[in-house]
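*Asks:* My structure is stored as my_file-v5.csv, with CSV, C-alpha atoms and all ligand atoms.
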chain,number,residue,atom,x,y,z
A,233,MET,CA,23.3,-27.6,-4.4
A,234,SER,CA,21.3,-24.4,-3.8
A,235,THR,CA,18.6,-23.5,-6.3
A,236,ILE,CA,17.5,-20.3,-4.5
A,237,SER,CA,17.2,-17.6,-7.1
A,238,ILE,CA,19.1,-14.4,-6.8
A,239,LYS,CA,16.9,-11.5,-7.8
A,240,THR,CA,18.2,-8.8,-10.3
A,241,PRO,CA,18.0,-5.1,-9.4
A,242,ALA,CA,14.9,-4.8,-11.6
A,243,GLU,CA,13.2,-7.7,-9.9
A,244,ILE,CA,14.1,-6.3,-6.5
A,245,GLU,CA,12.4,-3.0,-7.5
A,246,GLY,CA,9.3,-4.9,-8.6
A,247,MET,CA,9.3,-6.8,-5.2
A,248,ARG,CA,9.6,-3.5,-3.3
A,249,LEU,CA,6.5,-2.2,-4.9
A,250,ALA,CA,4.5,-5.4,-4.5
A,251,GLY,CA,5.6,-5.6,-0.8
A,252,ARG,CA,4.6,-2.1,0.0
A,253,LEU,CA,1.2,-2.6,-1.7
A,254,GLY,CA,0.7,-5.9,0.2
A,255,SER,CA,1.3,-4.0,3.4
A,256,GLU,CA,-1.0,-1.2,2.4
A,257,VAL,CA,-3.9,-3.6,2.1
A,258,LEU,CA,-3.4,-4.5,5.8
A,259,ASP,CA,-3.3,-0.7,6.6
A,260,TYR,CA,-6.6,-0.2,4.6
A,261,ILE,CA,-8.5,-3.1,6.3
A,262,THR,CA,-7.4,-2.3,9.9
A,263,PRO,CA,-10.3,0.0,10.8
A,264,PHE,CA,-12.8,-2.5,9.6
A,265,VAL,CA,-11.6,-5.4,11.8
A,266,LYS,CA,-14.1,-4.9,14.6
A,267,VAL,CA,-16.7,-6.8,16.6
A,268,GLY,CA,-19.6,-7.7,14.3
A,269,VAL,CA,-17.8,-7.8,11.0
A,270,THR,CA,-17.8,-11.1,9.1
A,271,THR,CA,-14.6,-12.5,7.7
A,272,GLY,CA,-16.4,-12.6,4.3
A,273,GLU,CA,-16.9,-8.8,4.5
A,274,LEU,CA,-13.2,-8.3,5.2
A,275,ASP,CA,-12.4,-10.5,2.2
A,276,ARG,CA,-14.7,-8.5,-0.1
A,277,LEU,CA,-13.3,-5.1,1.1
A,278,CYS,CA,-9.7,-6.3,0.6
A,279,HIS,CA,-10.6,-7.8,-2.8
A,280,ASP,CA,-12.2,-4.6,-4.0
A,281,TYR,CA,-9.3,-2.5,-2.7
A,282,MET,CA,-6.7,-4.6,-4.4
A,283,VAL,CA,-8.5,-4.9,-7.7
A,284,ASN,CA,-10.1,-1.4,-8.0
A,285,VAL,CA,-7.8,0.9,-6.0
A,286,GLN,CA,-4.4,-0.7,-6.3
A,287,GLY,CA,-4.7,-2.5,-9.6
A,288,THR,CA,-3.2,-5.6,-7.9
A,289,ILE,CA,-4.3,-9.2,-8.2
A,290,PRO,CA,-5.1,-11.1,-5.1
A,291,ALA,CA,-2.7,-14.1,-5.3
A,292,PRO,CA,-4.8,-16.5,-3.2
A,293,LEU,CA,-7.9,-16.4,-5.4
A,294,ASN,CA,-8.0,-19.7,-7.3
A,295,TYR,CA,-4.5,-20.5,-6.1
A,296,CYS,CA,-4.2,-24.3,-6.6
A,297,PRO,CA,-1.0,-26.0,-5.4
A,298,SER,CA,-0.8,-29.7,-6.4
A,299,GLY,CA,-3.0,-31.8,-4.1
A,300,TYR,CA,-5.3,-28.9,-3.3
A,301,THR,CA,-8.6,-27.6,-4.5
A,302,PRO,CA,-8.5,-24.0,-5.9
A,303,TYR,CA,-8.6,-21.5,-3.0
A,304,PRO,CA,-12.0,-19.8,-3.2
A,305,LYS,CA,-11.3,-16.3,-1.7
A,306,SER,CA,-8.9,-13.4,-2.0
A,307,ILE,CA,-7.4,-13.4,1.5
A,308,CYS,CA,-6.9,-15.8,4.4
A,309,THR,CA,-8.7,-15.1,7.7
A,310,SER,CA,-7.5,-17.3,10.6
A,311,VAL,CA,-9.5,-16.9,13.8
A,312,ASN,CA,-8.5,-18.1,17.3
A,313,ASP,CA,-7.6,-21.8,17.0
A,314,VAL,CA,-7.2,-21.6,13.2
A,315,ILE,CA,-3.5,-21.7,12.5
A,316,CYS,CA,-3.6,-20.7,8.8
A,317,HIS,CA,-5.5,-20.7,5.5
A,318,GLY,CA,-8.8,-19.9,7.1
A,319,ILE,CA,-11.4,-19.3,4.4
A,320,PRO,CA,-13.5,-16.1,4.7
A,321,GLY,CA,-17.2,-16.6,5.1
A,322,ASP,CA,-20.1,-15.8,7.3
A,323,LYS,CA,-18.1,-16.1,10.6
A,324,VAL,CA,-18.8,-13.0,12.7
A,325,LEU,CA,-15.9,-11.6,14.8
A,326,LYS,CA,-16.8,-11.3,18.4
A,327,ASP,CA,-15.3,-9.5,21.4
A,328,GLY,CA,-12.0,-11.0,22.4
A,329,ASP,CA,-11.3,-12.9,19.1
A,330,SER,CA,-7.9,-13.0,17.6
A,331,VAL,CA,-7.6,-13.0,13.8
A,332,ASN,CA,-4.7,-13.2,11.4
A,333,LEU,CA,-5.3,-11.6,8.0
A,334,ASP,CA,-2.9,-12.9,5.4
A,335,ILE,CA,-2.6,-10.8,2.2
A,336,THR,CA,-0.7,-11.6,-1.0
A,337,VAL,CA,-0.9,-9.2,-3.9
A,338,ILE,CA,0.6,-9.5,-7.4
A,339,LYS,CA,1.8,-6.3,-9.1
A,340,ASN,CA,3.5,-6.5,-12.5
A,341,GLY,CA,3.9,-10.2,-11.9
A,342,PHE,CA,5.7,-9.8,-8.5
A,343,HIS,CA,4.2,-11.1,-5.2
A,344,GLY,CA,4.1,-9.3,-1.9
A,345,ASP,CA,3.1,-11.6,1.0
A,346,ASN,CA,2.4,-10.5,4.5
A,347,SER,CA,0.1,-11.0,7.5
A,348,ARG,CA,-0.7,-9.3,10.8
A,349,MET,CA,-2.7,-10.3,13.9
A,350,PHE,CA,-5.7,-8.3,15.0
A,351,LEU,CA,-7.2,-8.5,18.5
A,352,VAL,CA,-10.9,-7.7,18.3
A,353,GLY,CA,-12.7,-5.8,21.1
A,354,LYS,CA,-11.1,-6.3,24.5
A,355,PRO,CA,-8.5,-9.0,24.1
A,356,SER,CA,-7.5,-11.5,26.8
A,357,ILE,CA,-4.0,-11.4,28.4
A,358,LEU,CA,-3.4,-14.7,26.7
A,359,ALA,CA,-4.3,-13.5,23.2
A,360,ARG,CA,-2.2,-10.3,23.7
A,361,ARG,CA,0.8,-12.3,24.9
A,362,LEU,CA,0.6,-14.9,22.1
A,363,SER,CA,0.4,-12.3,19.4
A,364,GLU,CA,3.3,-10.3,21.0
A,365,VAL,CA,5.6,-13.3,21.4
A,366,THR,CA,4.8,-14.4,17.8
A,367,TYR,CA,5.7,-10.9,16.5
A,368,GLU,CA,9.0,-11.1,18.4
A,369,CYS,CA,9.6,-14.5,16.9
A,370,MET,CA,9.2,-13.1,13.4
A,371,TRP,CA,11.5,-10.2,14.1
A,372,LEU,CA,14.1,-12.3,15.8
A,373,GLY,CA,14.2,-14.4,12.6
A,374,ILE,CA,14.4,-11.3,10.4
A,375,ALA,CA,17.3,-9.9,12.4
A,376,LYS,CA,19.3,-13.0,11.6
A,377,VAL,CA,19.1,-12.3,7.9
A,378,ARG,CA,22.4,-11.3,6.3
A,379,PRO,CA,24.8,-12.8,3.7
A,380,GLY,CA,26.6,-15.9,5.1
A,381,ALA,CA,23.9,-16.6,7.7
A,382,HIS,CA,22.2,-20.0,7.4
A,383,LEU,CA,18.5,-20.6,7.2
A,384,GLY,CA,18.8,-22.8,10.3
A,385,ASP,CA,19.9,-19.7,12.3
A,386,ILE,CA,16.4,-18.2,11.6
A,387,GLY,CA,14.5,-21.3,12.6
A,388,HIS,CA,16.6,-21.7,15.7
A,389,VAL,CA,16.0,-18.3,17.1
A,390,ILE,CA,12.3,-18.5,16.4
A,391,GLN,CA,11.9,-21.9,18.1
A,392,GLN,CA,14.0,-20.8,21.1
A,393,HIS,CA,11.9,-17.8,21.7
A,394,ALA,CA,8.6,-19.6,21.3
A,395,GLU,CA,9.5,-22.5,23.5
A,396,LYS,CA,11.1,-20.3,26.2
A,397,ASN,CA,7.6,-18.7,26.5
A,398,GLY,CA,6.0,-22.1,26.8
A,399,TYR,CA,4.6,-22.1,23.2
A,400,SER,CA,5.2,-24.5,20.3
A,401,VAL,CA,6.1,-24.1,16.7
A,402,VAL,CA,4.0,-25.5,13.8
A,403,ARG,CA,6.2,-27.7,11.6
A,404,GLU,CA,3.9,-28.5,8.6
A,405,PHE,CA,4.0,-24.9,7.2
A,406,CYS,CA,6.9,-22.6,6.7
A,407,GLY,CA,8.2,-19.5,5.1
A,408,HIS,CA,9.1,-19.6,1.4
A,409,GLY,CA,11.1,-18.0,-1.4
A,410,ILE,CA,8.9,-15.6,-3.4
A,411,GLY,CA,9.1,-13.5,-6.6
A,412,THR,CA,7.2,-14.0,-9.8
A,413,VAL,CA,6.2,-17.3,-8.2
A,414,PHE,CA,4.1,-17.3,-5.0
A,415,HIS,CA,5.9,-20.2,-3.3
A,416,GLU,CA,9.4,-21.1,-4.5
A,417,GLU,CA,12.6,-22.4,-2.9
A,418,PRO,CA,13.8,-22.2,-0.2
A,419,GLN,CA,11.5,-23.5,2.6
A,420,VAL,CA,12.1,-21.3,5.6
A,421,LEU,CA,11.5,-23.5,8.6
A,422,HIS,CA,10.6,-21.8,11.9
A,423,TYR,CA,12.6,-24.3,13.9
A,424,GLY,CA,16.1,-25.7,13.6
A,425,ARG,CA,19.7,-25.6,14.5
A,426,PRO,CA,22.2,-22.7,13.9
A,427,GLY,CA,24.6,-23.2,11.1
A,428,THR,CA,22.5,-25.7,9.2
A,429,LEU,CA,20.7,-25.5,5.9
A,430,GLU,CA,21.4,-23.1,3.0
A,431,ARG,CA,23.7,-20.1,3.3
A,432,LEU,CA,22.1,-16.8,2.5
A,433,GLU,CA,23.3,-14.6,-0.3
A,434,ALA,CA,22.4,-11.0,-1.2
A,435,GLY,CA,19.5,-10.9,-3.6
A,436,MET,CA,17.5,-13.7,-2.1
A,437,ILE,CA,13.9,-12.9,-1.1
A,438,PHE,CA,11.8,-15.1,1.2
A,439,THR,CA,9.1,-14.8,3.8
A,440,ILE,CA,9.4,-15.4,7.5
A,441,GLU,CA,5.9,-16.3,8.9
A,442,PRO,CA,6.0,-18.3,12.2
A,443,MET,CA,2.9,-20.0,13.3
A,444,ILE,CA,3.0,-20.3,17.1
A,445,ASN,CA,0.6,-22.4,19.3
A,446,VAL,CA,-0.3,-21.8,22.9
A,447,GLY,CA,-0.6,-25.6,23.4
A,448,SER,CA,0.8,-28.5,21.3
A,449,ARG,CA,2.2,-28.1,17.9
A,450,GLU,CA,-0.1,-30.7,16.4
A,451,ILE,CA,-2.5,-29.6,13.6
A,452,LYS,CA,-5.8,-30.8,12.2
A,453,GLU,CA,-7.0,-30.3,8.6
A,454,MET,CA,-10.6,-29.3,8.1
A,455,ASN,CA,-12.8,-30.8,5.4
A,456,ASP,CA,-12.8,-27.7,3.3
A,457,GLY,CA,-9.4,-28.7,2.0
A,458,TRP,CA,-7.6,-25.6,3.3
A,459,THR,CA,-8.4,-24.6,6.9
A,460,ILE,CA,-5.7,-25.7,9.4
A,461,LYS,CA,-6.6,-25.7,13.1
A,462,THR,CA,-4.8,-26.7,16.3
A,463,LYS,CA,-5.6,-30.3,17.3
A,464,ASP,CA,-6.0,-29.3,21.0
A,465,LYS,CA,-8.2,-26.2,20.1
A,466,LYS,CA,-5.9,-23.9,21.9
A,467,TRP,CA,-5.1,-20.6,20.1
A,468,SER,CA,-2.5,-20.0,17.4
A,469,ALA,CA,-0.9,-16.8,16.1
A,470,GLN,CA,1.1,-15.8,13.0
A,471,TRP,CA,2.9,-12.7,11.6
A,472,GLU,CA,4.5,-12.6,8.2
A,473,HIS,CA,6.9,-10.3,6.3
A,474,THR,CA,8.7,-10.7,2.9
A,475,VAL,CA,12.4,-10.0,3.4
A,476,LEU,CA,15.3,-9.3,1.0
A,477,VAL,CA,18.9,-10.3,1.8
A,478,THR,CA,21.0,-7.2,1.3
A,479,GLU,CA,24.9,-6.8,1.2
A,480,THR,CA,24.8,-5.7,4.8
A,481,GLY,CA,21.8,-7.5,6.3
A,482,TYR,CA,18.2,-7.3,5.4
A,483,GLU,CA,15.4,-5.1,4.0
A,484,VAL,CA,11.8,-5.8,4.9
A,485,LEU,CA,9.8,-5.4,1.7
A,486,THR,CA,6.3,-5.5,3.3
A,487,LEU,CA,6.4,-2.3,5.2
A,488,SER,CA,4.1,0.7,4.9
A,489,SER,CA,2.9,3.7,7.1
A,490,GLY,CA,0.6,1.4,9.1
A,491,SER,CA,3.1,-1.3,9.9
A,492,PRO,CA,3.6,-1.9,13.6
A,493,PRO,CA,7.1,-0.8,14.7
A,494,PRO,CA,9.7,-3.6,15.2
A,495,PRO,CA,10.2,-4.7,18.8
A,496,ALA,CA,12.6,-2.5,20.8
A,497,PHE,CA,15.4,-5.0,20.6
A,498,ILE,CA,15.5,-4.5,16.8
A,499,THR,CA,16.5,-0.8,17.1
A,500,ALA,CA,19.5,0.0,14.9
A,501,PRO,CA,22.7,0.7,16.7
A,502,SER,CA,22.4,4.2,18.1
A,503,GLN,CA,24.6,7.2,17.4
A,504,PRO,CA,27.5,7.6,19.8
A,505,VAL,CA,26.5,9.6,22.8
A,506,ALA,CA,28.3,12.9,23.0
A,507,ALA,CA,30.7,13.1,25.9
B,601,LIG,N1,-0.3,-16.3,2.1
B,601,LIG,C1,0.0,-17.6,2.5
B,601,LIG,C2,1.5,-17.7,2.8
B,601,LIG,O1,1.9,-17.0,3.5
B,601,LIG,C3,-0.4,-18.6,1.5
B,601,LIG,C4,-1.9,-18.7,1.3
B,601,LIG,S1,-2.3,-19.8,0.1
B,601,LIG,C5,-3.9,-19.6,-0.1
B,601,LIG,O2,2.2,-18.5,2.2
B,601,LIG,F1,-4.3,-20.1,-1.2
B,601,LIG,F2,-4.5,-20.0,1.0
B,601,LIG,F3,-4.2,-18.3,-0.1
B,602,CO,CO,3.9,-16.6,2.8
B,603,CO,CO,1.0,-15.1,3.5
What would you get if you wrote out this structure as structure tokens?
Ligand code: MF3
Ligand code: CO
Ligand code: CO
*Replies:*
Amino acid sequence: MSTISIKTPAEIEGMRLAGRLGSEVLDYITPFVKVGVTTGELDRLCHDYMVNVQGTIPAPLNYCPSGYTPYPKSICTSVNDVICHGIPGDKVLKDGDSVNLDITVIKNGFHGDNSRMFLVGKPSILARRLSEVTYECMWLGIAKVRPGAHLGDIGHVIQQHAEKNGYSVVREFCGHGIGTVFHEEPQVLHYGRPGTLERLEAGMIFTIEPMINVGSREIKEMNDGWTIKTKDKKWSAQWEHTVLVTETGYEVLTLSSGSPPPPAFITAPSQPVAA
């Protein structure tokens, strides 16, 4: 039995606003993500922007799922071989680093959750390609979203694209339903088989946030209780959007003027060409 909530029109409106604001934090912070900045400074800037400019609440701050210690900062900053949940601090970004900034805002009780990769200074070919393939993985998953599709369709297309490129998919963390609760049903696995798991219905809202590794998919937990790294120390990338299932397909809620465009293969069917 499915217990995935179907959002009401009013809830969907609330999620549209939270999603846009979440994306606008990433727009705001983009010019600050440069060689020499610390992850702690990025956290402070985002925190102040959310609280003082947007009037949003940073959802990560003091977030405490069972079995965890309270998360101590307002954003996640995951650099190079950090897969996810990197805690901002005195780490200085250097030329060639690759960092994921994961932002979740709460506005009027609704959560907007999204992340982007930033390549600092002059990125290596490897870092560029890893980020690009991971972005394609996310969008291939998004493009599967429509009523009647299965969650397994999303996982399958992500896994296929990652592995075709020689990369691996992290299994321990996944996308998630989201609304007035940060993490709710369903779990959105980034691997799987077509036609398996729950059927999607209009009004469902969940994130798609593949974590893709250059090397093996194995993870290592750090002693801070949060930071997750690759076991083999090879790099990892992640992109995240919050997505609504609509009557005809999907609507990405975490978009704003600074969102990178979807990959070319996502382009809507074009107008018929005049004869
Ligand atoms: N934003 C993350 C996600 O995409 C969750 C971070 S939990 C935190 O699900 F406490 F580390 F912030
Ligand atoms: Co998320
Ligand atoms: Co997130």
*Asks:* Which is closer to ligand CO 602 (chain B) than all the others in A:Val401, A:Cys406, A:Ala375, A:Ile338, using all atoms listed in the file?
*Replies:*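 Under the stated criterion, the closest residue is A:Cys406.
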*Asks:* Please indicate the distance in Å from atom F1 of ligand LIG 601 (chain B) to CA of Tyr295 (chain A), rounded to one decimal place.
*Replies:*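 Going from atom F1 of ligand LIG 601 (chain B) over to CA of Tyr295 (chain A), I get 4.9 Å.
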*Asks:* Show me, as CSV, the residues of chain A having an atom within 10 Å of ligand CO 602 (chain B), each with the closest atom pair and its distance in Å, using all atoms listed in the file.
*Replies:*
residue,atom,partner,partner_atom,distance
A:Asp334,CA,B:CO602,CO,8.2
A:Ile335,CA,B:CO602,CO,8.7
A:Thr336,CA,B:CO602,CO,7.8
A:His343,CA,B:CO602,CO,9.7
A:Gly344,CA,B:CO602,CO,8.7
A:Asp345,CA,B:CO602,CO,5.4
A:Asn346,CA,B:CO602,CO,6.5
A:Ser347,CA,B:CO602,CO,8.2
A:Phe405,CA,B:CO602,CO,9.4
A:Cys406,CA,B:CO602,CO,7.8
A:Gly407,CA,B:CO602,CO,5.7
A:His408,CA,B:CO602,CO,6.2
A:Gly409,CA,B:CO602,CO,8.5
A:Ile410,CA,B:CO602,CO,8.0
A:Phe414,CA,B:CO602,CO,7.8
A:His415,CA,B:CO602,CO,7.4
A:Val420,CA,B:CO602,CO,9.9
A:Phe438,CA,B:CO602,CO,8.2
A:Thr439,CA,B:CO602,CO,5.6
A:Ile440,CA,B:CO602,CO,7.3
A:Glu441,CA,B:CO602,CO,6.4
A:Pro442,CA,B:CO602,CO,9.8
A:Trp471,CA,B:CO602,CO,9.7
A:Glu472,CA,B:CO602,CO,6.7
A:His473,CA,B:CO602,CO,7.8
A:Thr474,CA,B:CO602,CO,7.6
*Asks:* Based on the selection just made, write C-alpha atoms of those residues as a PDB file, in the coordinates of the input.
*Replies:*
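The file below, part_5.pdb, is the result:
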ATOM      1  CA  ASP A 334      -2.900 -12.900   5.400  1.00  0.00           C
ATOM      2  CA  ILE A 335      -2.600 -10.800   2.200  1.00  0.00           C
ATOM      3  CA  THR A 336      -0.700 -11.600  -1.000  1.00  0.00           C
ATOM      4  CA  HIS A 343       4.200 -11.100  -5.200  1.00  0.00           C
ATOM      5  CA  GLY A 344       4.100  -9.300  -1.900  1.00  0.00           C
ATOM      6  CA  ASP A 345       3.100 -11.600   1.000  1.00  0.00           C
ATOM      7  CA  ASN A 346       2.400 -10.500   4.500  1.00  0.00           C
ATOM      8  CA  SER A 347       0.100 -11.000   7.500  1.00  0.00           C
ATOM      9  CA  PHE A 405       4.000 -24.900   7.200  1.00  0.00           C
ATOM     10  CA  CYS A 406       6.900 -22.600   6.700  1.00  0.00           C
ATOM     11  CA  GLY A 407       8.200 -19.500   5.100  1.00  0.00           C
ATOM     12  CA  HIS A 408       9.100 -19.600   1.400  1.00  0.00           C
ATOM     13  CA  GLY A 409      11.100 -18.000  -1.400  1.00  0.00           C
ATOM     14  CA  ILE A 410       8.900 -15.600  -3.400  1.00  0.00           C
ATOM     15  CA  PHE A 414       4.100 -17.300  -5.000  1.00  0.00           C
ATOM     16  CA  HIS A 415       5.900 -20.200  -3.300  1.00  0.00           C
ATOM     17  CA  VAL A 420      12.100 -21.300   5.600  1.00  0.00           C
ATOM     18  CA  PHE A 438      11.800 -15.100   1.200  1.00  0.00           C
ATOM     19  CA  THR A 439       9.100 -14.800   3.800  1.00  0.00           C
ATOM     20  CA  ILE A 440       9.400 -15.400   7.500  1.00  0.00           C
ATOM     21  CA  GLU A 441       5.900 -16.300   8.900  1.00  0.00           C
ATOM     22  CA  PRO A 442       6.000 -18.300  12.200  1.00  0.00           C
ATOM     23  CA  TRP A 471       2.900 -12.700  11.600  1.00  0.00           C
ATOM     24  CA  GLU A 472       4.500 -12.600   8.200  1.00  0.00           C
ATOM     25  CA  HIS A 473       6.900 -10.300   6.300  1.00  0.00           C
ATOM     26  CA  THR A 474       8.700 -10.700   2.900  1.00  0.00           C
TER      27      THR A 474
END
*Asks:* Measuring atom to atom with only C-alpha atoms, identify which of A:Val265, A:Ser400, A:Tyr367, A:Pro418 is nearest to Asp329 (chain A).
*Replies:*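 Among A:Val265, A:Ser400, A:Tyr367, A:Pro418, it is A:Val265 that comes nearest to Asp329 (chain A).
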*Asks:* Go ahead and compute the interatomic distance for CA of Ile307 (chain A) and CA of Val365 (chain A), in Å to one decimal.
*Replies:*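 Going from CA of Ile307 (chain A) over to CA of Val365 (chain A) covers 23.8 Å.
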*Asks:* Would you be able to write out as a short mmCIF file (atom, residue, chain, number, x, y, z; two decimals) with C-alpha atoms, keeping the file's coordinate frame which residues have an atom within 6 Å of (-17.8, -11.3, 17.1) in the file's coordinates, counting all atoms listed in the file?
*Replies:*
data_model
loop_
_atom_site.label_atom_id
_atom_site.label_comp_id
_atom_site.auth_asym_id
_atom_site.auth_seq_id
_atom_site.Cartn_x
_atom_site.Cartn_y
_atom_site.Cartn_z
CA VAL A 267 -16.70 -6.80 16.60
CA GLY A 268 -19.60 -7.70 14.30
CA VAL A 324 -18.80 -13.00 12.70
CA LEU A 325 -15.90 -11.60 14.80
CA LYS A 326 -16.80 -11.30 18.40
CA ASP A 327 -15.30 -9.50 21.40
#
*Asks:* Could you check the closest approach to ligand CO 603 (chain B) for each of A:Leu274, A:Leu249, A:Ala242, A:Val337 and tell me which residue wins, using all atoms listed in the file?
*Replies:*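 Residue with the minimum atom-to-atom distance to ligand CO 603 (chain B): A:Val337.
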*Asks:* Would you mind reading off the distance between CA of Cys296 (chain A) and CA of Val283 (chain A), one decimal, in Å?
*Replies:* 19.9 Å
*Asks:* Hey, which of A:Leu277, A:Ile460, A:Val377, A:Met282 ends up closest to ligand LIG 601 (chain B)? Count all atoms listed in the file.
*Replies:*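 Counting all atoms listed in the file, the residue closest to ligand LIG 601 (chain B) is A:Ile460.
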*Asks:* Quick one: residues within 8 Å of Gly447 (chain A), all atoms listed in the file, excluding same-chain residues fewer than 2 positions away - as a VMD selection string?
*Replies:* chain A and resid 399 to 400 445 449 464 466 to 467
*Asks:* Counting all atoms listed in the file, what is within 10 Å of Glu404 (chain A), bar same-chain residues fewer than 6 positions away, as a count of residues only?
*Replies:* 5
*Asks:* When distances are computed from only C-alpha atoms and all ligand atoms, which of A:Ala381, A:Asn397, A:Ser491, A:Cys316 shows the smallest separation from ligand CO 603 (chain B)?
*Replies:*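 Checking each of A:Ala381, A:Asn397, A:Ser491, A:Cys316 against ligand CO 603 (chain B), counting only C-alpha atoms and all ligand atoms, the winner is A:Cys316.
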*Asks:* With only C-alpha atoms and all ligand atoms as the basis for distance, which of A:Asp275, A:Glu364, A:Glu479, A:Glu243 is at the shortest distance from ligand LIG 601 (chain B)?
*Replies:*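 Using only C-alpha atoms and all ligand atoms, the shortest distance to ligand LIG 601 (chain B) belongs to A:Asp275.
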*Asks:* Excluding Phe264 (chain A) and its own-chain neighbours fewer than 6 positions away, which residues fall within 12 Å of it when counting only C-alpha atoms? Please give them as a ChimeraX atom specification.
*Replies:* /A:257-258,270-278,325,333,350,352-353
*Asks:* Give the centre and edge lengths of an axis-aligned box, in Å to one decimal, that holds all listed atoms of region 339-354 of chain A with 3 Å on each side, as AutoDock Vina command-line options.
*Replies:*
--center_x -3.5 --center_y -8.7 --center_z 6.0 --size_x 24.4 --size_y 11.8 --size_z 43.0
